[in-house]
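Quick notes on the structure that follows.
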Amino acid sequence: MKPAGKSSVGHQNFAPLLVALFASVVSMALAFLPRSPQPPPTIPPFLRFVAGELSDKYWLVLLVGGIGAIWRCRSLLVPLPLTMLVAQLILVVLKVVVGEMRPDGRFFDSFPSGHATASFAFATVLLSAFPRWGWLWGIFATLVGISRILVNAHWWHDVVGGAAFGYLIAVACLTLWHRWRPSSSP
């Protein structure tokens with residue numbers, strides 16, 4: 001039995017890590033294939049509206065959720081923002097290196113999806129800290145990823161790759177934090 005407040009990050013199964021690693025490698029390989037712009041998917045207007053709002057406002061949900069999570073569990077004060085910062089830094093590098101065109105043809109920064117990367121990194125940290133209800137953030141992250149496809153901002157493999165990278169980055173940051181964090185005893 002693990003002590004109260006201890007994360008299970010150091011004691012987890014390697015299968016999810018291997019799946020995420022495989023998904024990130026395959027998604028990145030697909031991102032290097034040539035593509036042509038495509039029209040947005042045909043979906044009902046209400047669903048397009050909801051997907052657009054979720055895509056636009058996800059950061060606000062992460063901010064409020066992060067403040068609430070840190071309020072409930074002060075030990076997240078460093079690892080949660082640190083994970084989000086590392087995720088954004090790695091995301092910028094990947095977008096520049098890969099340079100994939102978006103489905104609407106606008107820019108060459110499609111892979112990986114930043115929304116999916118941030119949402120899944122956030123969800124992984126909160127699931128680690130709050131196993132009873134942290135899975136709800138996984139559902140939120142999945143909905144954010146789907147919304148990016150529905151608004152024609154990303155290819156499906158951008159979202160899968162972003163989810164995989166977000167998970168891997170969060171696990172790495174949590175593992176390093178739990179290994180090197182300052183001890184609370186003198």
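As shown in the structure tokens, the chain order sets the letters A, B, ...; within each chain, residues go from 1, and ligands are also counted from 1 in the order they appear.
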Residues near region 15-29 of chain A, cut-off 6 Å, only C-alpha atoms, skip fewer than 3 positions along chain, as a PDB file with all heavy atoms, in the first residue's frame:
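After the write, out-v8.pdb holds the following:
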ATOM      1  N   PHE A  32       5.218  13.614 -41.690  1.00  0.00           N
ATOM      2  CA  PHE A  32       6.194  13.949 -42.724  1.00  0.00           C
ATOM      3  C   PHE A  32       5.702  13.619 -44.135  1.00  0.00           C
ATOM      4  O   PHE A  32       6.349  13.983 -45.117  1.00  0.00           O
ATOM      5  CB  PHE A  32       7.523  13.234 -42.458  1.00  0.00           C
ATOM      6  CG  PHE A  32       8.333  13.891 -41.378  1.00  0.00           C
ATOM      7  CD1 PHE A  32       8.487  13.286 -40.147  1.00  0.00           C
ATOM      8  CD2 PHE A  32       8.928  15.125 -41.589  1.00  0.00           C
ATOM      9  CE1 PHE A  32       9.232  13.888 -39.143  1.00  0.00           C
ATOM     10  CE2 PHE A  32       9.670  15.738 -40.597  1.00  0.00           C
ATOM     11  CZ  PHE A  32       9.818  15.115 -39.366  1.00  0.00           C
ATOM     12  N   HIS A 157      -3.724  12.462 -36.886  1.00  0.00           N
ATOM     13  CA  HIS A 157      -2.453  12.017 -36.299  1.00  0.00           C
ATOM     14  C   HIS A 157      -1.759  13.138 -35.515  1.00  0.00           C
ATOM     15  O   HIS A 157      -0.950  12.858 -34.637  1.00  0.00           O
ATOM     16  CB  HIS A 157      -1.517  11.438 -37.372  1.00  0.00           C
ATOM     17  CG  HIS A 157      -1.123  12.412 -38.406  1.00  0.00           C
ATOM     18  ND1 HIS A 157      -1.849  12.599 -39.556  1.00  0.00           N
ATOM     19  CD2 HIS A 157      -0.096  13.279 -38.461  1.00  0.00           C
ATOM     20  CE1 HIS A 157      -1.272  13.532 -40.290  1.00  0.00           C
ATOM     21  NE2 HIS A 157      -0.208  13.961 -39.641  1.00  0.00           N
ATOM     22  N   GLY A 161      -0.657  12.217 -31.863  1.00  0.00           N
ATOM     23  CA  GLY A 161       0.727  12.512 -31.492  1.00  0.00           C
ATOM     24  C   GLY A 161       0.808  13.493 -30.332  1.00  0.00           C
ATOM     25  O   GLY A 161       1.617  13.328 -29.418  1.00  0.00           O
ATOM     26  N   ALA A 164      -0.085  11.644 -27.160  1.00  0.00           N
ATOM     27  CA  ALA A 164       1.019  10.765 -26.749  1.00  0.00           C
ATOM     28  C   ALA A 164       2.176  11.579 -26.170  1.00  0.00           C
ATOM     29  O   ALA A 164       2.720  11.235 -25.113  1.00  0.00           O
ATOM     30  CB  ALA A 164       1.491   9.933 -27.937  1.00  0.00           C
TER      31      ALA A 164
END
For this session: Find the residues near Gly105 (chain A): any atom within 7 Å, counting only C-alpha atoms, skip ones fewer than 3 places away on the same chain, and give them as number ranges by chain.
Result: A: 37, 101-102
Write to file, as a compact mmCIF listing (two decimals), in the first residue's frame, the residues of the selection just made, with N, CA, C and O atoms.
# COMPACT_ATOMS: atom_id res chain seq x y z
N PRO A 37 -4.47 20.60 -48.78
CA PRO A 37 -5.54 21.14 -47.93
C PRO A 37 -6.85 20.39 -48.18
O PRO A 37 -7.09 19.90 -49.28
N MET A 101 1.82 21.00 -42.81
CA MET A 101 0.74 21.91 -43.17
C MET A 101 -0.55 21.51 -42.44
O MET A 101 -0.86 20.34 -42.31
N ARG A 102 -1.30 22.50 -42.01
CA ARG A 102 -2.60 22.25 -41.38
C ARG A 102 -3.61 21.82 -42.45
O ARG A 102 -3.44 22.13 -43.63
Exercise. Any idea what's packed within 12 Å of Phe108 (chain A), counting only C-alpha atoms, ignoring anything in its chain fewer than 2 positions away? Could you give it as a ChimeraX atom specification?
Worked result: /A:31-32,34-37,94-106,110-113,153-154
Problem set entry | Which residue of A:Arg181, A:Val151, A:Ala163, A:Ala172 approaches Pro45 (chain A) most closely, using only C-alpha atoms |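 Closest residue, counting only C-alpha atoms: A:Val151.
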For this session: Can you work out the spacing between CA of Leu150 (chain A) and CA of Gly134 (chain A) in Å, to one decimal?
Result: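 Interatomic distance here is 25.2 Å.
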For this session: Rounded to one decimal place, report the CA of Pro40 (chain A)-CA of Val61 (chain A) distance in Å.
Result: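 Interatomic distance, CA of Pro40 (chain A) to CA of Val61 (chain A): 25.4 Å.
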Exercise. Counting only C-alpha atoms, what is within 10 Å of Leu76 (chain A), bar same-chain residues fewer than 4 positions away, as number ranges by chain?
Worked result: A: 66-67, 69-72, 80-82, 125-126, 129, 174
For this session: Please measure the separation of CA of Phe165 (chain A) and CA of Val86 (chain A), giving the value in Å to one decimal.
Result: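 Between CA of Phe165 (chain A) and CA of Val86 (chain A) the gap works out to 11.0 Å.
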For this session: For Ala123 (chain A), work out the shell of residues within 9 Å, counting only C-alpha atoms and skipping chain neighbours fewer than 5 positions away, then give it as a list in words.
Result: Ala118, Ser128, Gly134, Trp135, Leu136, Trp137, Gly138, Ile139, Phe140, Ala141, Gly166, Tyr167 and Ala170 of chain A
Can you list every residue of region 88-168 of chain A that has an atom at most 8 Å from region 50-59 of chain A, with its nearest atom pair and the distance in Å to one decimal, using only C-alpha atoms, ordered by chain then number, as a Markdown table?
| residue | atom | partner | partner_atom | distance |
| --- | --- | --- | --- | --- |
| A:His115 | CA | A:Ser55 | CA | 7.6 |
| A:Val144 | CA | A:Ser55 | CA | 6.2 |
| A:Ile146 | CA | A:Ala51 | CA | 7.9 |
| A:Ser147 | CA | A:Ala51 | CA | 4.5 |
| A:Arg148 | CA | A:Ser55 | CA | 6.3 |
| A:Leu150 | CA | A:Ala51 | CA | 6.6 |
| A:Val151 | CA | A:Gly52 | CA | 6.2 |
For this session: From a DSSP pass on the backbone, collect the residues of chain A flagged as helix (DSSP H, G or I) and hand them back as a count of residues only.
Result: 129
